[in-house]
Amino acid sequence: MIYARFKTDLARAETIREFYHAQEIQDEKKPYEYFFVKKNQVIIHAYKNKKEIYTIVFQSEDDSAIEEANQFSNELTITHQENVKKDNLQDAYFDSWEDFGKQIGSDEVGVGDFFGPLVVCATYIEPKDIDFLEKYQVNDSKKMKDPYILSIGPVLKRRLKNYVIMLSADKLSRLKEENFNIHKAMAKCHNLAQKGLMEKYQIPEETIVYIDQFAPEEEYKRLVQDDLISNPLYFRTRAESYFPSVAASSVIARYTFLKEWQRMEEDLHTPIPKGASSQVDKVYGR
């Protein structure tokens with residue numbers, strides 16, 4: 001697959017939209033999508049951010065995307081992604097990624113576990129990172145086996161720009177006493193991870209941030225309140241299936257969670273069951 005993209009202003013983006021006779025997307029759930037159209041074998045997808053910067057992405061199996069994009073710009077960012085053999089369903093996720101450009105993605109792990117921490121990770125991805133993610137078959141951590149995540153986790157943390165926030169089960173319990181429900185804790189942690197990532201690596205504020213959606217956008221912003229970052233935010237359920245930055249964050253968060261779980265078991269000298277079940281109740285009652 002070949003992706004050709006460039007950034008532009010509203011006037012030029014509108015000219016391109018009219019050229020393809022495409023309908024402007026006006027969906028509250030997709031505030032940063034501008035238009036989507038297919039011409040022959042080329043898919044054209046346009047995005048916008050709060051600063052009126054538009055990104056036009058051309059996608060095709062061959063050089064048609066580049067040829068099509070060259071009509072409008074001679075300053076293209078081109079990403080080549082080799083086709084992945086569909087030996088099983090797990091391999092098919094590469095075709096579903098919708099953005100291969102510079103981006104931040106955040107995801108969380110540990111919401112359904114009685115004993116474990118809440119871990120949120122934000123990761124910055126550039127086009128040059130896509131081959132690396134493909135090499136290690138990085139996708140939704142829920143679809144990956146824990147031993148494999150433990151093996152590739154350190155590699156991802158060294159190679160990718162990431163920032164992790166972790167709240168212990170004890171800290172979460174204390175926050176509940178302060179009227180912090182789980183959604184508020186998650187929203188605050190996502191925002192802190194995103195902010196920490198941008199400050200640590202000096203990432204521009206116009207970089208789009210993809211968030212694995214656990215609450216409606218307006219509720220998320222209300223929960224974060226004045227600390228909300230100024231970047232364009234895009235919320236999507238199962239975002240790890242559509243954006244490589246969220247996929248990477250889901251794996252790094254799971255790796256961090258598993259390492260903390262190992263530490264707890266070593267400290268307590270006993271196996272600790274994950275999730276919330278009768279087995280968990282037995283361990284809790286000891």
# chains A, B, ... in the order shown; residues from 1 in each chain; ligands from 1
>>> residues_around(residues="Glu67 in chain A", least_positions_apart="6", cutoff="12 Å", atoms="only C-alpha atoms", output="tab-separated table (two decimals) with N, CA, C and O atoms, in the first residue's frame")
chain	number	residue	atom	x	y	z
A	2	ILE	N	0.48	2.28	-0.74
A	2	ILE	CA	1.23	3.52	-0.81
A	2	ILE	C	0.34	4.66	-0.32
A	2	ILE	O	-0.82	4.77	-0.71
A	3	TYR	N	0.92	5.50	0.55
A	3	TYR	CA	0.21	6.66	1.08
A	3	TYR	C	1.01	7.92	0.72
A	3	TYR	O	2.21	7.99	0.98
A	4	ALA	N	0.33	8.88	0.11
A	4	ALA	CA	0.93	10.18	-0.20
A	4	ALA	C	0.10	11.24	0.49
A	4	ALA	O	-1.13	11.26	0.38
A	5	ARG	N	0.76	12.14	1.23
A	5	ARG	CA	0.02	13.13	2.00
A	5	ARG	C	0.70	14.49	1.94
A	5	ARG	O	1.91	14.58	1.68
A	41	GLN	N	-8.85	3.66	-8.36
A	41	GLN	CA	-8.21	2.83	-7.34
A	41	GLN	C	-7.57	3.64	-6.22
A	41	GLN	O	-6.84	3.10	-5.40
A	42	VAL	N	-7.86	4.95	-6.19
A	42	VAL	CA	-7.25	5.83	-5.19
A	42	VAL	C	-8.30	6.29	-4.19
A	42	VAL	O	-9.37	6.76	-4.56
A	58	PHE	N	-3.72	10.41	0.19
A	58	PHE	CA	-4.05	9.64	-1.00
A	58	PHE	C	-3.51	8.23	-0.79
A	58	PHE	O	-2.33	8.05	-0.46
A	59	GLN	N	-4.34	7.22	-1.01
A	59	GLN	CA	-3.97	5.84	-0.72
A	59	GLN	C	-4.29	4.95	-1.92
A	59	GLN	O	-5.37	5.04	-2.51
A	60	SER	N	-3.34	4.08	-2.30
A	60	SER	CA	-3.58	3.13	-3.39
A	60	SER	C	-2.60	1.97	-3.28
A	60	SER	O	-1.63	2.02	-2.52
A	73	SER	N	0.17	19.07	-5.10
A	73	SER	CA	1.33	19.46	-4.30
A	73	SER	C	2.58	18.75	-4.79
A	73	SER	O	2.51	17.60	-5.23
A	74	ASN	N	3.71	19.43	-4.71
A	74	ASN	CA	5.00	18.80	-5.03
A	74	ASN	C	5.82	18.60	-3.76
A	74	ASN	O	7.02	18.35	-3.82
A	76	LEU	N	5.23	16.19	-1.08
A	76	LEU	CA	4.51	15.06	-0.53
A	76	LEU	C	5.33	14.29	0.50
A	76	LEU	O	6.55	14.18	0.38
A	78	ILE	N	5.58	10.53	1.56
A	78	ILE	CA	5.17	9.25	0.96
A	78	ILE	C	5.56	8.10	1.89
A	78	ILE	O	6.69	8.01	2.35
>>> closest_atom_pairs(of="range 239-269 of chain A", to="range 143-163 of chain A", cutoff="9 Å", atoms="only C-alpha atoms", output="CSV")
residue,atom,partner,partner_atom,distance
A:Ala248,CA,A:Leu156,CA,7.7
A:Ser249,CA,A:Asn162,CA,7.7
A:Val251,CA,A:Ile149,CA,6.6
A:Ile252,CA,A:Gly153,CA,5.8
A:Ala253,CA,A:Gly153,CA,8.9
A:Arg254,CA,A:Ile149,CA,7.4
A:Tyr255,CA,A:Gly153,CA,5.5
A:Thr256,CA,A:Gly153,CA,8.0
A:Leu258,CA,A:Leu150,CA,7.4
A:Lys259,CA,A:Leu150,CA,7.9
>>> write_last_selection(atoms="N, CA, C and O atoms", output="PDB file, in the first residue's frame")
ATOM      1  N   ALA A 248       0.327   0.965  19.378  1.00  0.00           N
ATOM      2  CA  ALA A 248       1.595   0.905  20.108  1.00  0.00           C
ATOM      3  C   ALA A 248       1.384   1.196  21.586  1.00  0.00           C
ATOM      4  O   ALA A 248       1.945   0.524  22.461  1.00  0.00           O
ATOM      5  N   SER A 249       0.533   2.178  21.885  1.00  0.00           N
ATOM      6  CA  SER A 249       0.266   2.517  23.287  1.00  0.00           C
ATOM      7  C   SER A 249      -0.416   1.372  24.023  1.00  0.00           C
ATOM      8  O   SER A 249      -0.137   1.126  25.199  1.00  0.00           O
ATOM      9  N   VAL A 251      -0.028  -1.785  23.545  1.00  0.00           N
ATOM     10  CA  VAL A 251       0.952  -2.827  23.844  1.00  0.00           C
ATOM     11  C   VAL A 251       1.904  -2.385  24.959  1.00  0.00           C
ATOM     12  O   VAL A 251       2.199  -3.151  25.881  1.00  0.00           O
ATOM     13  N   ILE A 252       2.387  -1.138  24.892  1.00  0.00           N
ATOM     14  CA  ILE A 252       3.301  -0.647  25.933  1.00  0.00           C
ATOM     15  C   ILE A 252       2.581  -0.586  27.283  1.00  0.00           C
ATOM     16  O   ILE A 252       3.154  -0.930  28.322  1.00  0.00           O
ATOM     17  N   ALA A 253       1.321  -0.156  27.266  1.00  0.00           N
ATOM     18  CA  ALA A 253       0.552  -0.103  28.518  1.00  0.00           C
ATOM     19  C   ALA A 253       0.379  -1.506  29.099  1.00  0.00           C
ATOM     20  O   ALA A 253       0.522  -1.715  30.312  1.00  0.00           O
ATOM     21  N   ARG A 254       0.063  -2.467  28.234  1.00  0.00           N
ATOM     22  CA  ARG A 254      -0.104  -3.850  28.701  1.00  0.00           C
ATOM     23  C   ARG A 254       1.209  -4.405  29.238  1.00  0.00           C
ATOM     24  O   ARG A 254       1.227  -5.097  30.265  1.00  0.00           O
ATOM     25  N   TYR A 255       2.306  -4.103  28.574  1.00  0.00           N
ATOM     26  CA  TYR A 255       3.625  -4.555  29.040  1.00  0.00           C
ATOM     27  C   TYR A 255       3.908  -3.994  30.437  1.00  0.00           C
ATOM     28  O   TYR A 255       4.331  -4.734  31.342  1.00  0.00           O
ATOM     29  N   THR A 256       3.658  -2.714  30.631  1.00  0.00           N
ATOM     30  CA  THR A 256       3.883  -2.072  31.927  1.00  0.00           C
ATOM     31  C   THR A 256       3.003  -2.712  32.998  1.00  0.00           C
ATOM     32  O   THR A 256       3.444  -2.966  34.122  1.00  0.00           O
ATOM     33  N   LEU A 258       1.757  -5.792  32.989  1.00  0.00           N
ATOM     34  CA  LEU A 258       2.222  -7.154  33.279  1.00  0.00           C
ATOM     35  C   LEU A 258       3.465  -7.156  34.166  1.00  0.00           C
ATOM     36  O   LEU A 258       3.605  -8.001  35.062  1.00  0.00           O
ATOM     37  N   LYS A 259       4.385  -6.225  33.933  1.00  0.00           N
ATOM     38  CA  LYS A 259       5.595  -6.141  34.761  1.00  0.00           C
ATOM     39  C   LYS A 259       5.227  -5.764  36.195  1.00  0.00           C
ATOM     40  O   LYS A 259       5.798  -6.296  37.156  1.00  0.00           O
TER      41      LYS A 259
END
>>> atom_distance(atom1="CA of His80 in chain A", atom2="CA of Lys135 in chain A")
13.9 Å
>>> residues_around(residues="Pro204 in chain A", least_positions_apart="6", cutoff="12 Å", atoms="only C-alpha atoms", output="list of chain:residue names")
A:Lys102, A:Gln103, A:Ile104, A:Tyr124, A:Gln194, A:Lys195, A:Leu197, A:Met198, A:Ile229, A:Ser230, A:Asn231, A:Pro232
>>> write_last_selection(atoms="all heavy atoms", output="mmCIF file, in the first residue's frame")
data_model
loop_
_atom_site.group_PDB
_atom_site.id
_atom_site.type_symbol
_atom_site.label_atom_id
_atom_site.label_comp_id
_atom_site.auth_asym_id
_atom_site.auth_seq_id
_atom_site.Cartn_x
_atom_site.Cartn_y
_atom_site.Cartn_z
ATOM 1 N N LYS A 102 2.367 11.610 11.176
ATOM 2 C CA LYS A 102 2.792 11.953 12.529
ATOM 3 C C LYS A 102 1.565 12.078 13.415
ATOM 4 O O LYS A 102 0.618 12.777 13.075
ATOM 5 C CB LYS A 102 3.591 13.256 12.514
ATOM 6 C CG LYS A 102 4.913 13.159 11.752
ATOM 7 C CD LYS A 102 5.645 14.483 11.769
ATOM 8 C CE LYS A 102 6.970 14.371 11.016
ATOM 9 N NZ LYS A 102 7.716 15.653 11.008
ATOM 10 N N GLN A 103 1.613 11.434 14.564
ATOM 11 C CA GLN A 103 0.425 11.377 15.422
ATOM 12 C C GLN A 103 0.797 10.934 16.824
ATOM 13 O O GLN A 103 1.856 10.343 17.062
ATOM 14 C CB GLN A 103 -0.584 10.384 14.846
ATOM 15 C CG GLN A 103 -0.019 8.967 14.737
ATOM 16 C CD GLN A 103 -0.945 7.998 14.036
ATOM 17 O OE1 GLN A 103 -1.737 7.338 14.684
ATOM 18 N NE2 GLN A 103 -0.838 7.924 12.717
ATOM 19 N N ILE A 104 -0.096 11.241 17.757
ATOM 20 C CA ILE A 104 -0.008 10.741 19.131
ATOM 21 C C ILE A 104 -1.242 9.883 19.375
ATOM 22 O O ILE A 104 -2.336 10.217 18.916
ATOM 23 C CB ILE A 104 0.020 11.899 20.146
ATOM 24 C CG1 ILE A 104 1.332 12.688 20.012
ATOM 25 C CG2 ILE A 104 -0.137 11.385 21.580
ATOM 26 C CD1 ILE A 104 1.334 13.982 20.807
ATOM 27 N N TYR A 124 4.111 8.552 20.415
ATOM 28 C CA TYR A 124 4.256 9.379 19.216
ATOM 29 C C TYR A 124 4.772 8.508 18.074
ATOM 30 O O TYR A 124 5.751 7.780 18.234
ATOM 31 C CB TYR A 124 5.232 10.521 19.470
ATOM 32 C CG TYR A 124 5.504 11.402 18.275
ATOM 33 C CD1 TYR A 124 4.515 12.224 17.742
ATOM 34 C CD2 TYR A 124 6.771 11.429 17.689
ATOM 35 C CE1 TYR A 124 4.766 13.050 16.653
ATOM 36 C CE2 TYR A 124 7.036 12.256 16.607
ATOM 37 C CZ TYR A 124 6.034 13.061 16.089
ATOM 38 O OH TYR A 124 6.293 13.875 15.009
ATOM 39 N N GLN A 194 -0.428 12.318 27.561
ATOM 40 C CA GLN A 194 -0.248 13.097 26.337
ATOM 41 C C GLN A 194 0.618 14.326 26.594
ATOM 42 O O GLN A 194 1.536 14.630 25.830
ATOM 43 C CB GLN A 194 -1.612 13.513 25.791
ATOM 44 C CG GLN A 194 -2.506 12.362 25.372
ATOM 45 C CD GLN A 194 -3.977 12.694 25.472
ATOM 46 O OE1 GLN A 194 -4.354 13.854 25.678
ATOM 47 N NE2 GLN A 194 -4.841 11.692 25.321
ATOM 48 N N LYS A 195 0.307 15.030 27.673
ATOM 49 C CA LYS A 195 1.068 16.242 28.011
ATOM 50 C C LYS A 195 2.524 15.902 28.334
ATOM 51 O O LYS A 195 3.452 16.595 27.887
ATOM 52 C CB LYS A 195 0.412 16.941 29.204
ATOM 53 C CG LYS A 195 1.072 18.250 29.598
ATOM 54 C CD LYS A 195 0.371 18.905 30.782
ATOM 55 C CE LYS A 195 -0.987 19.411 30.391
ATOM 56 N NZ LYS A 195 -1.619 20.202 31.496
ATOM 57 N N LEU A 197 4.260 13.368 27.282
ATOM 58 C CA LEU A 197 4.933 12.977 26.041
ATOM 59 C C LEU A 197 5.365 14.203 25.246
ATOM 60 O O LEU A 197 6.510 14.285 24.783
ATOM 61 C CB LEU A 197 3.982 12.112 25.213
ATOM 62 C CG LEU A 197 4.487 11.653 23.847
ATOM 63 C CD1 LEU A 197 5.568 10.597 24.001
ATOM 64 C CD2 LEU A 197 3.333 11.101 23.009
ATOM 65 N N MET A 198 4.460 15.169 25.093
ATOM 66 C CA MET A 198 4.768 16.353 24.286
ATOM 67 C C MET A 198 5.847 17.215 24.919
ATOM 68 O O MET A 198 6.725 17.736 24.221
ATOM 69 C CB MET A 198 3.497 17.169 24.053
ATOM 70 C CG MET A 198 2.518 16.479 23.121
ATOM 71 S SD MET A 198 1.165 17.545 22.637
ATOM 72 C CE MET A 198 0.395 17.814 24.232
ATOM 73 N N ILE A 229 -5.105 19.501 26.987
ATOM 74 C CA ILE A 229 -4.118 19.921 25.994
ATOM 75 C C ILE A 229 -4.814 20.618 24.834
ATOM 76 O O ILE A 229 -6.009 20.436 24.601
ATOM 77 C CB ILE A 229 -3.292 18.720 25.468
ATOM 78 C CG1 ILE A 229 -4.212 17.688 24.795
ATOM 79 C CG2 ILE A 229 -2.494 18.072 26.591
ATOM 80 C CD1 ILE A 229 -3.470 16.563 24.123
ATOM 81 N N SER A 230 -4.067 21.419 24.074
ATOM 82 C CA SER A 230 -4.660 22.207 22.988
ATOM 83 C C SER A 230 -4.614 21.491 21.636
ATOM 84 O O SER A 230 -5.138 22.011 20.653
ATOM 85 C CB SER A 230 -3.944 23.561 22.872
ATOM 86 O OG SER A 230 -2.557 23.368 22.612
ATOM 87 N N ASN A 231 -4.003 20.331 21.581
ATOM 88 C CA ASN A 231 -3.927 19.581 20.314
ATOM 89 C C ASN A 231 -5.323 19.195 19.829
ATOM 90 O O ASN A 231 -6.245 19.053 20.617
ATOM 91 C CB ASN A 231 -3.125 18.290 20.506
ATOM 92 C CG ASN A 231 -1.709 18.535 20.927
ATOM 93 O OD1 ASN A 231 -1.476 19.179 21.942
ATOM 94 N ND2 ASN A 231 -0.755 17.996 20.200
ATOM 95 N N PRO A 232 -5.468 18.975 18.515
ATOM 96 C CA PRO A 232 -6.735 18.405 18.036
ATOM 97 C C PRO A 232 -6.892 16.986 18.572
ATOM 98 O O PRO A 232 -5.961 16.177 18.492
ATOM 99 C CB PRO A 232 -6.581 18.420 16.515
ATOM 100 C CG PRO A 232 -5.106 18.480 16.275
ATOM 101 C CD PRO A 232 -4.539 19.263 17.412
#
>>> atom_distance(atom1="CA of Phe72 in chain A", atom2="CA of Ile16 in chain A")
7.8 Å
>>> closest_residue(among="A:Ile125, A:Met264, A:Leu223, A:Ile165", to="Val209 in chain A", atoms="only C-alpha atoms")
A:Ile125
>>> select_by_dssp(residues="range 92-151 of chain A", states="helix (DSSP H, G or I)", output="PyMOL selection string")
chain A and resi 92-96+127-135+141-143+146-151
>>> write_last_selection(atoms="C-alpha atoms", output="compact mmCIF listing (two decimals), in the first residue's frame")
# COMPACT_ATOMS: atom_id res chain seq x y z
CA ALA A 92 -5.56 -8.19 8.51
CA TYR A 93 -5.44 -5.26 10.92
CA PHE A 94 -2.75 -3.46 8.89
CA ASP A 95 -5.26 -2.75 6.15
CA SER A 96 -7.57 -1.00 8.62
CA PRO A 127 5.83 7.38 9.05
CA LYS A 128 9.31 5.90 9.56
CA ASP A 129 7.95 3.86 12.49
CA ILE A 130 5.35 1.93 10.48
CA ASP A 131 7.73 -0.75 9.19
CA PHE A 132 9.00 -1.26 12.75
CA LEU A 133 5.45 -1.77 14.05
CA GLU A 134 4.69 -4.15 11.20
CA LYS A 135 7.85 -6.14 11.90
CA SER A 141 -2.82 -5.78 23.04
CA LYS A 142 -6.04 -7.69 23.81
CA LYS A 143 -5.39 -9.78 20.69
CA ASP A 146 1.07 -11.90 27.26
CA PRO A 147 4.41 -13.76 26.77
CA TYR A 148 4.84 -12.05 23.39
CA ILE A 149 3.98 -8.64 24.85
CA LEU A 150 6.56 -9.20 27.59
CA SER A 151 9.17 -10.03 24.94
>>> residues_around(residues="Tyr47 in chain A", least_positions_apart="6", cutoff="10 Å", atoms="only C-alpha atoms", output="ChimeraX atom specification")
/A:7,13,25,30-36,53-57,99,208
>>> residues_around(residues="Ala193 in chain A", least_positions_apart="3", cutoff="7 Å", atoms="only C-alpha atoms", output="PDB file with N, CA, C and O atoms, in the first residue's frame")
ATOM      1  N   VAL A 120      -1.886   4.021  31.698  1.00  0.00           N
ATOM      2  CA  VAL A 120      -2.194   4.756  30.472  1.00  0.00           C
ATOM      3  C   VAL A 120      -0.881   5.117  29.780  1.00  0.00           C
ATOM      4  O   VAL A 120       0.057   5.584  30.428  1.00  0.00           O
ATOM      5  N   CYS A 121      -0.830   4.877  28.486  1.00  0.00           N
ATOM      6  CA  CYS A 121       0.371   5.192  27.709  1.00  0.00           C
ATOM      7  C   CYS A 121       0.000   6.088  26.531  1.00  0.00           C
ATOM      8  O   CYS A 121      -1.034   5.894  25.883  1.00  0.00           O
ATOM      9  N   ALA A 122       0.838   7.075  26.262  1.00  0.00           N
ATOM     10  CA  ALA A 122       0.734   7.902  25.056  1.00  0.00           C
ATOM     11  C   ALA A 122       1.998   7.689  24.241  1.00  0.00           C
ATOM     12  O   ALA A 122       3.107   7.671  24.790  1.00  0.00           O
ATOM     13  N   TYR A 163       5.177   7.777  26.798  1.00  0.00           N
ATOM     14  CA  TYR A 163       5.096   8.291  28.162  1.00  0.00           C
ATOM     15  C   TYR A 163       3.994   7.521  28.890  1.00  0.00           C
ATOM     16  O   TYR A 163       2.882   7.402  28.369  1.00  0.00           O
ATOM     17  N   VAL A 164       4.301   7.001  30.077  1.00  0.00           N
ATOM     18  CA  VAL A 164       3.382   6.129  30.804  1.00  0.00           C
ATOM     19  C   VAL A 164       2.977   6.752  32.128  1.00  0.00           C
ATOM     20  O   VAL A 164       3.817   7.295  32.855  1.00  0.00           O
ATOM     21  N   ILE A 165       1.686   6.674  32.422  1.00  0.00           N
ATOM     22  CA  ILE A 165       1.140   7.066  33.723  1.00  0.00           C
ATOM     23  C   ILE A 165       0.545   5.815  34.363  1.00  0.00           C
ATOM     24  O   ILE A 165      -0.203   5.080  33.714  1.00  0.00           O
ATOM     25  N   CYS A 189      -5.611  10.740  33.410  1.00  0.00           N
ATOM     26  CA  CYS A 189      -4.380  10.011  33.095  1.00  0.00           C
ATOM     27  C   CYS A 189      -4.048  10.087  31.605  1.00  0.00           C
ATOM     28  O   CYS A 189      -2.876  10.225  31.225  1.00  0.00           O
ATOM     29  N   HIS A 190      -5.053   9.981  30.749  1.00  0.00           N
ATOM     30  CA  HIS A 190      -4.808  10.135  29.317  1.00  0.00           C
ATOM     31  C   HIS A 190      -4.205  11.506  29.034  1.00  0.00           C
ATOM     32  O   HIS A 190      -3.204  11.626  28.314  1.00  0.00           O
ATOM     33  N   GLY A 196       2.728  14.846  29.105  1.00  0.00           N
ATOM     34  CA  GLY A 196       4.088  14.440  29.449  1.00  0.00           C
ATOM     35  C   GLY A 196       4.900  14.070  28.223  1.00  0.00           C
ATOM     36  O   GLY A 196       6.082  14.399  28.113  1.00  0.00           O
ATOM     37  N   LEU A 197       4.260  13.368  27.282  1.00  0.00           N
ATOM     38  CA  LEU A 197       4.933  12.977  26.041  1.00  0.00           C
ATOM     39  C   LEU A 197       5.365  14.203  25.246  1.00  0.00           C
ATOM     40  O   LEU A 197       6.510  14.285  24.783  1.00  0.00           O
TER      41      LEU A 197
END
>>> atom_distance(atom1="CA of Ser245 in chain A", atom2="CA of Tyr210 in chain A")
7.6 Å
>>> closest_residue(among="A:Glu206, A:Asp170, A:Glu217, A:Glu240", to="His183 in chain A", atoms="only C-alpha atoms")
A:Glu217
>>> residues_around(residues="Ile182 in chain A", least_positions_apart="3", cutoff="12 Å", atoms="only C-alpha atoms", output="PDB file with N, CA and C atoms, in the first residue's frame")
ATOM      1  N   GLU A 108      -5.412   2.727  27.476  1.00  0.00           N
ATOM      2  CA  GLU A 108      -5.275   2.340  28.874  1.00  0.00           C
ATOM      3  C   GLU A 108      -5.463   0.838  29.043  1.00  0.00           C
ATOM      4  N   GLY A 110      -6.087  -2.157  32.430  1.00  0.00           N
ATOM      5  CA  GLY A 110      -6.246  -2.418  33.851  1.00  0.00           C
ATOM      6  C   GLY A 110      -7.570  -1.999  34.451  1.00  0.00           C
ATOM      7  N   VAL A 111      -8.497  -1.566  33.617  1.00  0.00           N
ATOM      8  CA  VAL A 111      -9.784  -1.084  34.135  1.00  0.00           C
ATOM      9  C   VAL A 111     -10.578  -2.213  34.782  1.00  0.00           C
ATOM     10  N   GLY A 112     -10.506  -3.425  34.239  1.00  0.00           N
ATOM     11  CA  GLY A 112     -11.327  -4.525  34.735  1.00  0.00           C
ATOM     12  C   GLY A 112     -10.654  -5.425  35.746  1.00  0.00           C
ATOM     13  N   LEU A 118      -4.067   0.956  37.119  1.00  0.00           N
ATOM     14  CA  LEU A 118      -4.527   1.548  35.865  1.00  0.00           C
ATOM     15  C   LEU A 118      -3.299   2.110  35.176  1.00  0.00           C
ATOM     16  N   LEU A 167      -1.467   4.335  37.919  1.00  0.00           N
ATOM     17  CA  LEU A 167      -2.113   4.524  39.218  1.00  0.00           C
ATOM     18  C   LEU A 167      -2.305   3.163  39.864  1.00  0.00           C
ATOM     19  N   ALA A 169      -3.801   0.297  42.492  1.00  0.00           N
ATOM     20  CA  ALA A 169      -5.158   0.015  42.954  1.00  0.00           C
ATOM     21  C   ALA A 169      -5.459   0.796  44.230  1.00  0.00           C
ATOM     22  N   LYS A 171      -4.147   3.736  45.073  1.00  0.00           N
ATOM     23  CA  LYS A 171      -4.350   5.131  44.694  1.00  0.00           C
ATOM     24  C   LYS A 171      -5.738   5.330  44.092  1.00  0.00           C
ATOM     25  N   LEU A 172      -6.183   4.390  43.269  1.00  0.00           N
ATOM     26  CA  LEU A 172      -7.518   4.482  42.677  1.00  0.00           C
ATOM     27  C   LEU A 172      -8.595   4.459  43.756  1.00  0.00           C
ATOM     28  N   SER A 173      -8.392   3.631  44.792  1.00  0.00           N
ATOM     29  CA  SER A 173      -9.355   3.561  45.888  1.00  0.00           C
ATOM     30  C   SER A 173      -9.431   4.898  46.619  1.00  0.00           C
ATOM     31  N   ARG A 174      -8.266   5.525  46.833  1.00  0.00           N
ATOM     32  CA  ARG A 174      -8.256   6.825  47.516  1.00  0.00           C
ATOM     33  C   ARG A 174      -8.918   7.897  46.657  1.00  0.00           C
ATOM     34  N   LEU A 175      -8.730   7.817  45.343  1.00  0.00           N
ATOM     35  CA  LEU A 175      -9.355   8.794  44.452  1.00  0.00           C
ATOM     36  C   LEU A 175     -10.880   8.663  44.477  1.00  0.00           C
ATOM     37  N   LYS A 176     -11.372   7.426  44.590  1.00  0.00           N
ATOM     38  CA  LYS A 176     -12.816   7.218  44.670  1.00  0.00           C
ATOM     39  C   LYS A 176     -13.392   7.902  45.902  1.00  0.00           C
ATOM     40  N   GLU A 177     -12.622   7.910  46.995  1.00  0.00           N
ATOM     41  CA  GLU A 177     -13.069   8.598  48.210  1.00  0.00           C
ATOM     42  C   GLU A 177     -13.133  10.106  47.996  1.00  0.00           C
ATOM     43  N   GLU A 178     -12.398  10.609  46.994  1.00  0.00           N
ATOM     44  CA  GLU A 178     -12.396  12.040  46.666  1.00  0.00           C
ATOM     45  C   GLU A 178     -13.354  12.334  45.503  1.00  0.00           C
ATOM     46  N   ASN A 179     -14.298  11.428  45.290  1.00  0.00           N
ATOM     47  CA  ASN A 179     -15.313  11.579  44.232  1.00  0.00           C
ATOM     48  C   ASN A 179     -14.731  11.521  42.823  1.00  0.00           C
ATOM     49  N   ALA A 185     -10.713   9.458  36.442  1.00  0.00           N
ATOM     50  CA  ALA A 185      -9.317   9.030  36.611  1.00  0.00           C
ATOM     51  C   ALA A 185      -8.685   8.706  35.261  1.00  0.00           C
ATOM     52  N   MET A 186      -9.427   8.014  34.397  1.00  0.00           N
ATOM     53  CA  MET A 186      -8.902   7.656  33.080  1.00  0.00           C
ATOM     54  C   MET A 186      -8.653   8.893  32.232  1.00  0.00           C
ATOM     55  N   ALA A 187      -9.613   9.829  32.232  1.00  0.00           N
ATOM     56  CA  ALA A 187      -9.466  11.043  31.435  1.00  0.00           C
ATOM     57  C   ALA A 187      -8.256  11.845  31.891  1.00  0.00           C
ATOM     58  N   LYS A 188      -8.106  12.003  33.186  1.00  0.00           N
ATOM     59  CA  LYS A 188      -6.957  12.746  33.721  1.00  0.00           C
ATOM     60  C   LYS A 188      -5.642  12.072  33.337  1.00  0.00           C
ATOM     61  N   CYS A 189      -5.611  10.740  33.410  1.00  0.00           N
ATOM     62  CA  CYS A 189      -4.380  10.011  33.095  1.00  0.00           C
ATOM     63  C   CYS A 189      -4.048  10.087  31.605  1.00  0.00           C
ATOM     64  N   PHE A 214     -13.460   5.937  25.675  1.00  0.00           N
ATOM     65  CA  PHE A 214     -14.142   5.277  26.786  1.00  0.00           C
ATOM     66  C   PHE A 214     -15.275   6.153  27.310  1.00  0.00           C
ATOM     67  N   ALA A 215     -15.381   7.382  26.790  1.00  0.00           N
ATOM     68  CA  ALA A 215     -16.445   8.313  27.180  1.00  0.00           C
ATOM     69  C   ALA A 215     -16.675   9.266  26.019  1.00  0.00           C
ATOM     70  N   TYR A 220     -15.349  13.740  28.300  1.00  0.00           N
ATOM     71  CA  TYR A 220     -13.894  13.666  28.498  1.00  0.00           C
ATOM     72  C   TYR A 220     -13.334  15.060  28.781  1.00  0.00           C
ATOM     73  N   LEU A 223     -14.300  16.332  32.188  1.00  0.00           N
ATOM     74  CA  LEU A 223     -13.577  15.671  33.268  1.00  0.00           C
ATOM     75  C   LEU A 223     -12.150  16.192  33.405  1.00  0.00           C
TER      76      LEU A 223
END
